[in-house]
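Report on the structure given below.
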Number of protein chains: 4
Amino acid sequence: MVKIIIGAGTPSLVAPSAEPASVTAPAFSAVRGRTLKLIEPLSPEDACAQSMTACSPAKWHLAHTTWFFDVLVLDAFGLERPSTGDGLRVLFNSYYNALGSQFDKSMRGALTRPALDEVIAYRAQIDAAIARAIESGLDDRALAAIELGLHHEMQHQELLLADIKHLFSVNPLRPAYLDAPLERAAPAGPTQWRRFEGGLRSIGRDAESDGFAYDCEGPEHPGMLHGFELADRCVTNAEWLEFIADGGYQRPELWLDDGWKRARAEDWSAPLYWSMRDAAWDEFTLRGPAPLDPDRPVCHVSYFEADAFARWAGARLPTEFEWESAAVELDCEASTCDLLEGGELHPRVGEPGAPLRAALGGVWEWTASDYAPYPGYAIPAGAVGEYNAKFMHGRRVLRGGCCATPMAHVRASYRNYYAPDDRWPFAGVRLARQPQATAGK
Amino acid sequence: MVKIIIGAGTPSLVAPSAEPASVTAPAFSAVRGRTLKLIEPLSPEDACAQSMTACSPAKWHLAHTTWFFDVLVLDAFGLERPSTGDGLRVLFNSYYNALGSQFDKSMRGALTRPALDEVIAYRAQIDAAIARAIESGLDDRALAAIELGLHHEMQHQELLLADIKHLFSVNPLRPAYLDAPLERAAPAGPTQWRRFEGGLRSIGRDAESDGFAYDCEGPEHPGMLHGFELADRCVTNAEWLEFIADGGYQRPELWLDDGWKRARAEDWSAPLYWSMRDAAWDEFTLRGPAPLDPDRPVCHVSYFEADAFARWAGARLPTEFEWESAAVELDCEASTCDLLEGGELHPRVGEPGAPLRAALGGVWEWTASDYAPYPGYAIPAGAVGEYNAKFMHGRRVLRGGCCATPMAHVRASYRNYYAPDDRWPFAGVRLARQPQATAGK
Amino acid sequence: MVKIIIGAGTPSLVAPSAEPASVTAPAFSAVRGRTLKLIEPLSPEDACAQSMTACSPAKWHLAHTTWFFDVLVLDAFGLERPSTGDGLRVLFNSYYNALGSQFDKSMRGALTRPALDEVIAYRAQIDAAIARAIESGLDDRALAAIELGLHHEMQHQELLLADIKHLFSVNPLRPAYLDAPLERAAPAGPTQWRRFEGGLRSIGRDAESDGFAYDCEGPEHPGMLHGFELADRCVTNAEWLEFIADGGYQRPELWLDDGWKRARAEDWSAPLYWSMRDAAWDEFTLRGPAPLDPDRPVCHVSYFEADAFARWAGARLPTEFEWESAAVELDCEASTCDLLEGGELHPRVGEPGAPLRAALGGVWEWTASDYAPYPGYAIPAGAVGEYNAKFMHGRRVLRGGCCATPMAHVRASYRNYYAPDDRWPFAGVRLARQPQATAGK
Amino acid sequence: MVKIIIGAGTPSLVAPSAEPASVTAPAFSAVRGRTLKLIEPLSPEDACAQSMTACSPAKWHLAHTTWFFDVLVLDAFGLERPSTGDGLRVLFNSYYNALGSQFDKSMRGALTRPALDEVIAYRAQIDAAIARAIESGLDDRALAAIELGLHHEMQHQELLLADIKHLFSVNPLRPAYLDAPLERAAPAGPTQWRRFEGGLRSIGRDAESDGFAYDCEGPEHPGMLHGFELADRCVTNAEWLEFIADGGYQRPELWLDDGWKRARAEDWSAPLYWSMRDAAWDEFTLRGPAPLDPDRPVCHVSYFEADAFARWAGARLPTEFEWESAAVELDCEASTCDLLEGGELHPRVGEPGAPLRAALGGVWEWTASDYAPYPGYAIPAGAVGEYNAKFMHGRRVLRGGCCATPMAHVRASYRNYYAPDDRWPFAGVRLARQPQATAGK
């Protein structure tokens, strides 16, 4: 079995699937091409700017994902690579100490050179080299590295959209990434509570399982589930307005101590992209500013806000063990519609009647769980080992994928993670609670 | 059953025991008297100063623990209280928003008034009022509140010692809290690994159990234990010197990302109280500076350092589930010797042959566990609810008690917690690891 | 002529007078005794605490002024000194790099040892040694060093009072340094403008002049004075209330850019020690809290506030050249009454009719002048050179002395200086303006 | 005489000249066209990025200088203006509170929209409107406002170059703004000291004088000059290397207290753009990296470094009174060669034999003077008043212009100013000293 495991852009590491047979030149090209599709609405300036340290310029995403194939595939496996691009390597390494020094992350917006065109040309050269290599036949280890690179690329596709949204949001001109305005969503309907019985359950995915998974998604392991209930849909904007109206952002008793301090220091009074204009709320979206839609799920809230809301609502956030158990038991399906095929790039609560509405593909759902290794998880050897476990502190796990996640990147076992005060990811809230005497439906 | 639950000084909340029958006037007096005993070596200036925000002046500990009985017992139950001391209440509230405004924690050292004598007089008045109340007969709820106050007092006794140690450590005169110098410890001997089999286990203590427990120690609940091994003793200073010599503080691959940033920002290169003098390490102790004793357990390291050491050693930190299961299975006994009866106020690794040497009473042992609610834990109603769960973020659990913990305050279910960069508690490291093929005992 | 010149506690350096003949054992003893008198109202805790980095504990002032005589007189001139106190030297050096390492200024409050008694004993030993030396006969250089030490001591006497005032002000018990409450002042009367004609004037004092002066007070030098007018008294609290009522703290157009940023960052809305209680302003004084007296001069304002007030009033702050020229021309007399002889330790506007009311001894008066060397000023050689010019950046000059300045320390040529955002000194505002057509005398 | 006075981009305000007759459509067009010429080497990305808060993107300079003519000329005088560009106004206001709210300066790099093309189109529209207005005949007040706008534009031309230099310097690819590499300069030769006698002198320029001047350059006023000597040329890189070799950056006794703290906090060890490569110093220039030229003047040092160097050299910095008196007495001529006509954009020490070599047009020369109002200076009424005096704190005056200053913007009375820790302006050091017994030539 293949054991090459390499770190990814922001979060994760990987245990390649048993059968990277799906790595073909056309599949490779399709994923890579999707990134280029994503930057079509951007000017060179849009692609170069960085609006905060946590975000990266689109051009950087383009270059860094290419660097990945250049260094971790072509170089690593001794394959033929173009002679250009050497100067770009130090610029587009993200955080792999073992792979050379790194450019200050907060200054990525200052990298006006190389130009966007040069980066796109670099992409084309590397893509051609990889395609040649695939067609000439590669062993499983190399194919696994390419598969990993493709998942890494898909992660960055979502990041690119989240980062562009932030960039455009700070511009007083409030430009739209996509021109067509957002539709009003259908009524969300009341929350239904799904009940889950306690007992031994297994979560996690082993490297031996079908399909791709990052290493931190395994090993599969049993755990004791305690009976609980889970909301069938996420919290809506309408419900969040009630929270605000009830003083949710002013009442310390609703907040974790760390959250209260951060909320006061940054003067939070609503989700990140909400603003009050002419006495009404609007929300900044990738389709430009829109009146706040009460039936859409709340999005762009921090863990601290999610936790405060849950407390206010007399509920709590689910653990990731609960979340994955529920999603597996109910056999949830991914519902994200790909932006390249008419996707809105803004979340919906999902169809009524689904067991867990929009669990896979609406908003990333904050869980109560610290990002920590599963029992039996072993830090991989080599460079990978440096970069995997090192983020297993100070982050909370999110589950489910969002409206900006490529469909092929959404799965029930996926462990996304962010710092508890991060607000720019597409993150919302699904509530859990103890089983009720007169139960949920 | 009694349901009054109230927050405590730094960490915790409480589910009083079913039978607070042990609350008698002599027992009350004994615990309270111990605090006065602790300040005997201090001058009024020593008792007033605060060396960093996380620490409090000894006088503040004296006053705040008294405030607790004044407000949360005498007031709360309508008992007779002295007419004095009203002005002190706002000063010595710690963080209970529901109980009035609070004085800036970082400025406690500026409270030169009231004088130490006045605080001691206030203690005497409140003590007399409580003693009268106990003798006149109290219902279970009031007795439970007093019991809670006594555990709160014991927590502060340990904090007082940790805070004084920090205060004295920053003074270039390096004064000793106790005059007699520290003895050289016996050889620690090699680590033995204890093996524990996997399976369902229960940890946690319910309010209905015998003896006192804070509310966060429950409810008792089953969980899935995965087989593991645990070191029979804590890491020694000698072993820590090897870590340093091997570049432990200079190698990013050994550290969590957050830990590495903090270590670099604060330039950590050894445990908190170590210093190099004349080409040899010494350690600052409550008995003054002493040559570093290679056979004592390392103490005053942060979670980040503990985690880095474990990685370097090819091991890991135990979870709190593992720790408590092991301590219960092996029926560990508390070994702390009370400082008022000749205690050293400095840790030892414990007697060879004990199943887990000095597990209860050596050093607080960092676990890998985020401080989080147990399954089924319900946030108590009222003021208590405000102060309990609010610390359940950003802290790591420590287990076992230390050489400065009062004996009656040490138990296997106790969940202490600190921020991952706190170094002034008496905290050290016990390693865990996956079961080995050719196993330990 | 004597050329030994040494740095002083906070601000200054010194050119000893030609005739230090006034240095006698009784004179020495009188100045030193006054410091002890000042600490009589303080407990050991009061004397040990430090309420912000800019302030020092009273005990530190006691020790540091003694260190000065110990190191810069006894040591420097090879005189007999007591064998004790060696450990204290590093603690009580203030900022003389050339004279050894220094203890972190922000941590002076943590120096609970040596105890106050020990510091007082150290004072007595050094005093005895100095007295013996004086009586045994000293050369001019040594006498000049002692004279300097006495002026240094007087500076610290004022600092000690300012620092204690700050310490007591942050204590919610608001203790009084002196028990007798403050009297209501007589009506201040309207401002009269004094007119001064332009022309060549000389300011500054040479080392050769009569009486003592710090080195930065010289050399005497001519300059071009431009005609101006100066208010005969300082701005009163009543006038400051008008400034507040007119939005003075909310209007950016009144403020220097740096001042506005600081005012907003620290949320200034009134002078430092004012607070609104029960819908009326009170002011914290060394005699405890008092109702704001409209006829007293405003005190404890920063340079930025003084400048904003002047702009609001259609005036400006005087330059130090203007200030000294005016004070010399009008032959102003010091009016401070010594606190040890019934002084209020709170400023008055001074007697009507005086040419410049309370110019010497009311409040320190902010000038528009950057603290910079006079033309021809030469940085002294040796350790002194290190410490003199180094503060000649980022400070503004204040003139005139205040109600807490010892009478012997008040003179027209004295150049005090503070950072433009310092508010804890006894500093107020005297306005200047261009000559008016129909001018007022 | 015209009295309209308006604030400028970074520093200053203006008293227009008596005769703005020089404002013709061709003259206007020439100055405006020069800005467009300056951005020719830039890509859209280069023009959008901001490498630190003190710098602005080139696109912002293009737009802001246009905003000036749009709002402060067309609007202010009721002239016809194009209907476009309304949305740009809030974006490109710099700091005029009276003229609407301002976009966060630190985020200017995030303004990817409007695109560079749109900004250039906006320029063209406004330029056409101004040209039409000039040709149709304007009164003196409007012509004066245009003249002011042109000087404002010239200030921004220099800033644009300084900001691009900083942007390119942080890019590891180290791109060149101009392609041709820098020539080695001729030997600088030894410093000659020019001696100036003391006496009454007048400096400053009144609004009534010939030619344009900012308001802070006046009023003309007499002052007392004390005899001094001034170096005939600026300090060279070779001399700075001696300072470094002698421990200049490591010796606190050479530094102002504030400067030492800043130097340590930012770890200064050489001028801003110097770096050690392969054991030799190079310097980053607008023509790319170049070997350090020992005969060029040192450039890109802060006031603090300039002052430390002067102390090390046994000299001092001149006051601005000294500087202007000397330049006027010696009738210095501007020597800057315009970059558009083959200028190097890097300073030279100037021709030997000139009275003060390269005093006008080499490097900006730090003076010892605080930026403060001249005697008799009156804050202008209206919006201008808000923005003029408000920077008269915390800045030091620089004199002389630099290699990046347009020739028409260089004059002896010009008072440039920066914060004492600013290093990205083209600033260097000319030494002054007291008259020597055996005099200078």
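The way I read the labels, and the way they are meant: chains A, B, ... in the order of the structure tokens, residue 1 as the first residue of every chain, and ligand 1 as the first ligand shown, with later ones counted on from there.
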Requested in this report: Pick out the chain C residues within 6 Å of chain D. Count only C-alpha atoms. Give them as a PyMOL selection string.
Outcome: chain C and resi 223-224+253+256-257+386+390-391
Query raised in the report: If you count only C-alpha atoms, which residues fall within 12 Å of Val31 of chain A, apart from same-chain ones fewer than 3 positions away, as an MDAnalysis selection string?
Result: chainID A and resid 23:28 34:38 65 127 146:157 340 406:409
Write a file of the selected residues as a short mmCIF file (atom, residue, chain, number, x, y, z; two decimals), in the first residue's frame, keeping N, CA and C atoms.
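The resulting file, again13.cif, is reproduced below:
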data_model
loop_
_atom_site.label_atom_id
_atom_site.label_comp_id
_atom_site.auth_asym_id
_atom_site.auth_seq_id
_atom_site.Cartn_x
_atom_site.Cartn_y
_atom_site.Cartn_z
N VAL A 23 -6.53 8.57 -11.29
CA VAL A 23 -5.67 9.65 -11.75
C VAL A 23 -5.31 9.44 -13.22
N THR A 24 -6.05 10.10 -14.06
CA THR A 24 -5.79 10.04 -15.50
C THR A 24 -5.47 11.45 -15.96
N ALA A 25 -4.89 11.55 -17.15
CA ALA A 25 -4.56 12.87 -17.66
C ALA A 25 -5.81 13.75 -17.79
N PRO A 26 -6.92 13.23 -18.31
CA PRO A 26 -8.12 14.07 -18.39
C PRO A 26 -8.64 14.48 -17.00
N ALA A 27 -8.59 13.58 -16.05
CA ALA A 27 -9.07 13.93 -14.71
C ALA A 27 -8.17 15.01 -14.12
N PHE A 28 -6.89 14.84 -14.29
CA PHE A 28 -5.94 15.84 -13.82
C PHE A 28 -6.25 17.19 -14.44
N ARG A 34 -10.36 23.75 -13.64
CA ARG A 34 -11.38 24.40 -12.83
C ARG A 34 -10.79 25.62 -12.08
N THR A 35 -9.54 25.55 -11.63
CA THR A 35 -8.93 26.69 -10.95
C THR A 35 -8.82 27.88 -11.88
N LEU A 36 -8.43 27.61 -13.11
CA LEU A 36 -8.33 28.71 -14.08
C LEU A 36 -9.70 29.31 -14.35
N LYS A 37 -10.70 28.45 -14.37
CA LYS A 37 -12.07 28.92 -14.57
C LYS A 37 -12.45 29.89 -13.44
N LEU A 38 -12.01 29.56 -12.26
CA LEU A 38 -12.39 30.38 -11.10
C LEU A 38 -11.82 31.80 -11.17
N THR A 65 -0.34 25.95 -5.80
CA THR A 65 -0.82 24.62 -6.16
C THR A 65 0.04 24.03 -7.27
N ASP A 127 1.74 21.56 -15.93
CA ASP A 127 0.63 20.68 -16.31
C ASP A 127 1.02 19.77 -17.48
N ILE A 146 0.12 12.56 -7.05
CA ILE A 146 -0.69 13.42 -7.93
C ILE A 146 -2.12 13.52 -7.40
N GLU A 147 -2.65 12.38 -6.96
CA GLU A 147 -4.01 12.42 -6.40
C GLU A 147 -4.07 13.39 -5.23
N LEU A 148 -3.07 13.30 -4.40
CA LEU A 148 -3.01 14.23 -3.27
C LEU A 148 -2.98 15.68 -3.77
N GLY A 149 -2.18 15.91 -4.77
CA GLY A 149 -2.09 17.27 -5.31
C GLY A 149 -3.43 17.77 -5.82
N LEU A 150 -4.22 16.88 -6.33
CA LEU A 150 -5.52 17.29 -6.86
C LEU A 150 -6.48 17.65 -5.70
N HIS A 151 -6.39 16.91 -4.63
CA HIS A 151 -7.23 17.27 -3.47
C HIS A 151 -6.75 18.57 -2.84
N HIS A 152 -5.45 18.71 -2.80
CA HIS A 152 -4.85 19.97 -2.35
C HIS A 152 -5.38 21.12 -3.22
N GLU A 153 -5.42 20.88 -4.51
CA GLU A 153 -5.90 21.91 -5.44
C GLU A 153 -7.36 22.27 -5.15
N MET A 154 -8.17 21.26 -4.87
CA MET A 154 -9.58 21.53 -4.60
C MET A 154 -9.78 22.31 -3.29
N GLN A 155 -8.95 22.00 -2.32
CA GLN A 155 -8.99 22.81 -1.09
C GLN A 155 -8.72 24.27 -1.40
N HIS A 156 -7.71 24.48 -2.24
CA HIS A 156 -7.35 25.86 -2.55
C HIS A 156 -8.40 26.54 -3.43
N GLN A 157 -9.14 25.77 -4.18
CA GLN A 157 -10.23 26.37 -4.97
C GLN A 157 -11.24 27.02 -4.02
N LEU A 340 -19.39 26.10 -11.15
CA LEU A 340 -19.12 26.20 -12.58
C LEU A 340 -20.31 25.73 -13.40
N PRO A 406 -15.67 22.15 -3.93
CA PRO A 406 -15.92 21.30 -5.09
C PRO A 406 -16.60 20.00 -4.65
N MET A 407 -17.56 19.57 -5.43
CA MET A 407 -18.33 18.38 -5.07
C MET A 407 -17.42 17.20 -4.71
N ALA A 408 -16.35 16.99 -5.47
CA ALA A 408 -15.48 15.84 -5.24
C ALA A 408 -14.67 15.97 -3.96
N HIS A 409 -14.84 17.07 -3.30
CA HIS A 409 -14.08 17.31 -2.08
C HIS A 409 -14.97 17.25 -0.83
#
Query - Two-atom distance - atom CA of Glu80 of chain A, atom CA of Trp67 of chain A (Å) - result: 14.5 Å
Requested in this report: List every residue of segment 169-412 of chain A that DSSP, applied to the backbone of this structure, places in helix (DSSP H, G or I), and write the result as JSON, numbers by chain.
Outcome: {"A": [169, 215, 216, 217, 237, 238, 239, 240, 241, 242, 243, 244, 245, 252, 253, 254, 257, 258, 259, 260, 261, 262, 263, 264, 265, 303, 304, 305, 306, 307, 308, 309, 310, 311, 312, 320, 321, 322, 323, 324, 325, 326, 327, 328, 329, 339, 340, 341, 383, 384, 385, 386, 387, 388, 389, 390, 391, 407, 408, 409]}
Report task. Do a neighbour search on Leu317 of chain D at 12 Å with only C-alpha atoms, toss out local chain neighbours closer than 6 positions, and write the hits as JSON, numbers by chain. Result -> {"C": [373], "D": [228, 229, 230, 231, 234, 235, 303, 304, 305, 306, 307, 308, 309, 310, 311, 323, 365, 366, 367, 368, 369, 396, 397, 398, 399, 428, 429, 430, 431, 432, 433, 434]}
Go ahead and write the selection's residues with N, CA and C atoms as an mmCIF file, in the first residue's frame.
data_model
loop_
_atom_site.group_PDB
_atom_site.id
_atom_site.type_symbol
_atom_site.label_atom_id
_atom_site.label_comp_id
_atom_site.auth_asym_id
_atom_site.auth_seq_id
_atom_site.Cartn_x
_atom_site.Cartn_y
_atom_site.Cartn_z
ATOM 1 N N PRO C 373 18.698 70.711 22.995
ATOM 2 C CA PRO C 373 19.843 71.407 23.584
ATOM 3 C C PRO C 373 19.822 72.893 23.220
ATOM 4 N N PHE D 228 28.593 78.656 13.518
ATOM 5 C CA PHE D 228 28.682 77.189 13.408
ATOM 6 C C PHE D 228 29.430 76.832 12.131
ATOM 7 N N GLU D 229 29.682 75.546 11.991
ATOM 8 C CA GLU D 229 30.281 75.053 10.758
ATOM 9 C C GLU D 229 29.408 73.960 10.161
ATOM 10 N N LEU D 230 29.405 73.874 8.846
ATOM 11 C CA LEU D 230 28.568 72.911 8.147
ATOM 12 C C LEU D 230 29.424 72.170 7.128
ATOM 13 N N ALA D 231 29.228 70.848 7.061
ATOM 14 C CA ALA D 231 29.999 70.044 6.103
ATOM 15 C C ALA D 231 29.614 70.408 4.686
ATOM 16 N N CYS D 234 27.460 65.588 2.067
ATOM 17 C CA CYS D 234 26.789 64.657 2.975
ATOM 18 C C CYS D 234 27.698 63.474 3.306
ATOM 19 N N VAL D 235 27.315 62.773 4.343
ATOM 20 C CA VAL D 235 28.032 61.572 4.775
ATOM 21 C C VAL D 235 27.920 60.516 3.682
ATOM 22 N N TYR D 303 16.002 59.514 11.258
ATOM 23 C CA TYR D 303 16.552 60.588 12.082
ATOM 24 C C TYR D 303 17.394 60.018 13.219
ATOM 25 N N PHE D 304 16.899 58.962 13.815
ATOM 26 C CA PHE D 304 17.622 58.390 14.960
ATOM 27 C C PHE D 304 19.021 57.924 14.546
ATOM 28 N N GLU D 305 19.100 57.307 13.375
ATOM 29 C CA GLU D 305 20.420 56.864 12.900
ATOM 30 C C GLU D 305 21.302 58.070 12.559
ATOM 31 N N ALA D 306 20.684 59.072 11.919
ATOM 32 C CA ALA D 306 21.444 60.273 11.558
ATOM 33 C C ALA D 306 22.029 60.920 12.813
ATOM 34 N N ASP D 307 21.219 61.007 13.850
ATOM 35 C CA ASP D 307 21.664 61.622 15.089
ATOM 36 C C ASP D 307 22.770 60.797 15.747
ATOM 37 N N ALA D 308 22.613 59.477 15.728
ATOM 38 C CA ALA D 308 23.640 58.622 16.334
ATOM 39 C C ALA D 308 24.955 58.736 15.586
ATOM 40 N N PHE D 309 24.851 58.771 14.276
ATOM 41 C CA PHE D 309 26.073 58.917 13.473
ATOM 42 C C PHE D 309 26.777 60.230 13.830
ATOM 43 N N ALA D 310 25.989 61.309 13.920
ATOM 44 C CA ALA D 310 26.582 62.620 14.210
ATOM 45 C C ALA D 310 27.306 62.585 15.555
ATOM 46 N N ARG D 311 26.676 61.954 16.545
ATOM 47 C CA ARG D 311 27.307 61.875 17.865
ATOM 48 C C ARG D 311 28.608 61.088 17.781
ATOM 49 N N TRP D 323 20.557 75.591 8.548
ATOM 50 C CA TRP D 323 20.587 75.044 7.197
ATOM 51 C C TRP D 323 20.126 76.080 6.177
ATOM 52 N N GLU D 365 18.013 66.072 3.882
ATOM 53 C CA GLU D 365 18.972 66.126 4.982
ATOM 54 C C GLU D 365 18.233 66.356 6.289
ATOM 55 N N TRP D 366 18.370 65.380 7.184
ATOM 56 C CA TRP D 366 17.722 65.491 8.492
ATOM 57 C C TRP D 366 18.272 66.711 9.236
ATOM 58 N N THR D 367 17.397 67.495 9.814
ATOM 59 C CA THR D 367 17.861 68.540 10.725
ATOM 60 C C THR D 367 17.490 68.163 12.152
ATOM 61 N N ALA D 368 18.062 68.875 13.089
ATOM 62 C CA ALA D 368 17.766 68.654 14.509
ATOM 63 C C ALA D 368 16.435 69.265 14.907
ATOM 64 N N SER D 369 15.748 69.905 13.956
ATOM 65 C CA SER D 369 14.581 70.708 14.347
ATOM 66 C C SER D 369 13.279 69.934 14.322
ATOM 67 N N ARG D 396 10.419 65.506 12.427
ATOM 68 C CA ARG D 396 11.645 66.292 12.284
ATOM 69 C C ARG D 396 11.696 66.862 10.870
ATOM 70 N N VAL D 397 12.241 68.050 10.776
ATOM 71 C CA VAL D 397 12.327 68.731 9.485
ATOM 72 C C VAL D 397 13.506 68.203 8.676
ATOM 73 N N LEU D 398 13.279 68.009 7.398
ATOM 74 C CA LEU D 398 14.350 67.670 6.461
ATOM 75 C C LEU D 398 14.421 68.775 5.425
ATOM 76 N N ARG D 399 15.624 69.018 4.945
ATOM 77 C CA ARG D 399 15.823 70.095 3.987
ATOM 78 C C ARG D 399 16.547 69.617 2.748
ATOM 79 N N GLY D 428 19.325 61.469 4.069
ATOM 80 C CA GLY D 428 20.694 61.255 4.492
ATOM 81 C C GLY D 428 21.138 62.283 5.522
ATOM 82 N N VAL D 429 22.439 62.494 5.619
ATOM 83 C CA VAL D 429 23.008 63.244 6.731
ATOM 84 C C VAL D 429 24.059 64.248 6.273
ATOM 85 N N ARG D 430 23.872 65.509 6.656
ATOM 86 C CA ARG D 430 24.942 66.493 6.545
ATOM 87 C C ARG D 430 25.273 66.950 7.971
ATOM 88 N N LEU D 431 26.540 66.945 8.318
ATOM 89 C CA LEU D 431 26.938 67.248 9.686
ATOM 90 C C LEU D 431 27.159 68.742 9.916
ATOM 91 N N ALA D 432 26.902 69.148 11.156
ATOM 92 C CA ALA D 432 27.240 70.491 11.616
ATOM 93 C C ALA D 432 28.116 70.380 12.864
ATOM 94 N N ARG D 433 28.760 71.444 13.242
ATOM 95 C CA ARG D 433 29.521 71.429 14.494
ATOM 96 C C ARG D 433 29.778 72.861 14.952
ATOM 97 N N GLN D 434 30.175 72.988 16.188
ATOM 98 C CA GLN D 434 30.536 74.309 16.725
ATOM 99 C C GLN D 434 31.770 74.819 15.984
#
**Report entry** Computed interatomic separation between atom CA of Cys403 of chain D and atom CA of His300 of chain D (Å)
**Finding:** 12.3 Å
Report task. Fewer than 6 positions away in the same chain doesn't count, so skip those; otherwise give me all residues within 10 Å of segment 351-353 of chain A, counting only C-alpha atoms, as a PyMOL selection string. Result -> chain A and resi 186-192+232-233+335
Selection to disk with N, CA, C and O atoms, as an mmCIF file, in the first residue's frame:
data_model
loop_
_atom_site.group_PDB
_atom_site.id
_atom_site.type_symbol
_atom_site.label_atom_id
_atom_site.label_comp_id
_atom_site.auth_asym_id
_atom_site.auth_seq_id
_atom_site.Cartn_x
_atom_site.Cartn_y
_atom_site.Cartn_z
ATOM 1 N N ALA A 186 -36.464 29.826 -0.764
ATOM 2 C CA ALA A 186 -37.771 29.361 -0.278
ATOM 3 C C ALA A 186 -37.784 29.342 1.256
ATOM 4 O O ALA A 186 -36.727 29.282 1.885
ATOM 5 N N PRO A 187 -38.974 29.382 1.857
ATOM 6 C CA PRO A 187 -39.047 29.350 3.330
ATOM 7 C C PRO A 187 -38.304 28.145 3.895
ATOM 8 O O PRO A 187 -38.390 27.039 3.357
ATOM 9 N N ALA A 188 -37.568 28.415 4.970
ATOM 10 C CA ALA A 188 -36.725 27.358 5.544
ATOM 11 C C ALA A 188 -37.557 26.327 6.298
ATOM 12 O O ALA A 188 -37.187 25.157 6.369
ATOM 13 N N GLY A 189 -38.673 26.755 6.860
ATOM 14 C CA GLY A 189 -39.485 25.841 7.671
ATOM 15 C C GLY A 189 -38.867 25.630 9.029
ATOM 16 O O GLY A 189 -37.697 25.930 9.248
ATOM 17 N N PRO A 190 -39.674 25.115 9.955
ATOM 18 C CA PRO A 190 -39.180 24.939 11.340
ATOM 19 C C PRO A 190 -38.140 23.824 11.423
ATOM 20 O O PRO A 190 -38.097 22.928 10.581
ATOM 21 N N THR A 191 -37.331 23.925 12.461
ATOM 22 C CA THR A 191 -36.346 22.873 12.721
ATOM 23 C C THR A 191 -37.034 21.600 13.201
ATOM 24 O O THR A 191 -37.929 21.655 14.034
ATOM 25 N N GLN A 192 -36.620 20.481 12.645
ATOM 26 C CA GLN A 192 -37.005 19.159 13.158
ATOM 27 C C GLN A 192 -35.790 18.567 13.860
ATOM 28 O O GLN A 192 -34.673 18.746 13.392
ATOM 29 N N ASP A 232 -32.325 19.146 12.040
ATOM 30 C CA ASP A 232 -32.313 18.664 10.649
ATOM 31 C C ASP A 232 -31.808 19.733 9.678
ATOM 32 O O ASP A 232 -31.487 19.427 8.536
ATOM 33 N N ARG A 233 -31.766 20.971 10.145
ATOM 34 C CA ARG A 233 -31.212 22.008 9.268
ATOM 35 C C ARG A 233 -30.378 22.987 10.100
ATOM 36 O O ARG A 233 -30.457 23.012 11.328
ATOM 37 N N SER A 335 -24.901 17.884 -1.428
ATOM 38 C CA SER A 335 -25.894 18.647 -2.170
ATOM 39 C C SER A 335 -25.305 19.913 -2.789
ATOM 40 O O SER A 335 -26.008 20.735 -3.317
#
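A straight line drawn from atom CA of Val410 of chain D to atom CA of Ala142 of chain D is 23.7 Å long.
Look at Gly400 of chain C: the protein and nucleic acid residues within 6 Å of it, using only C-alpha atoms and passing over chain neighbours fewer than 6 places away, are Ala359, Leu360 and Trp364 of chain C.
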Query raised in the report: Nearest to Ala404 of chain C among C:Glu329, C:Ile164, C:Val119, C:Arg251, with distances taken over only C-alpha atoms: which residue is it?
Result: C:Ile164
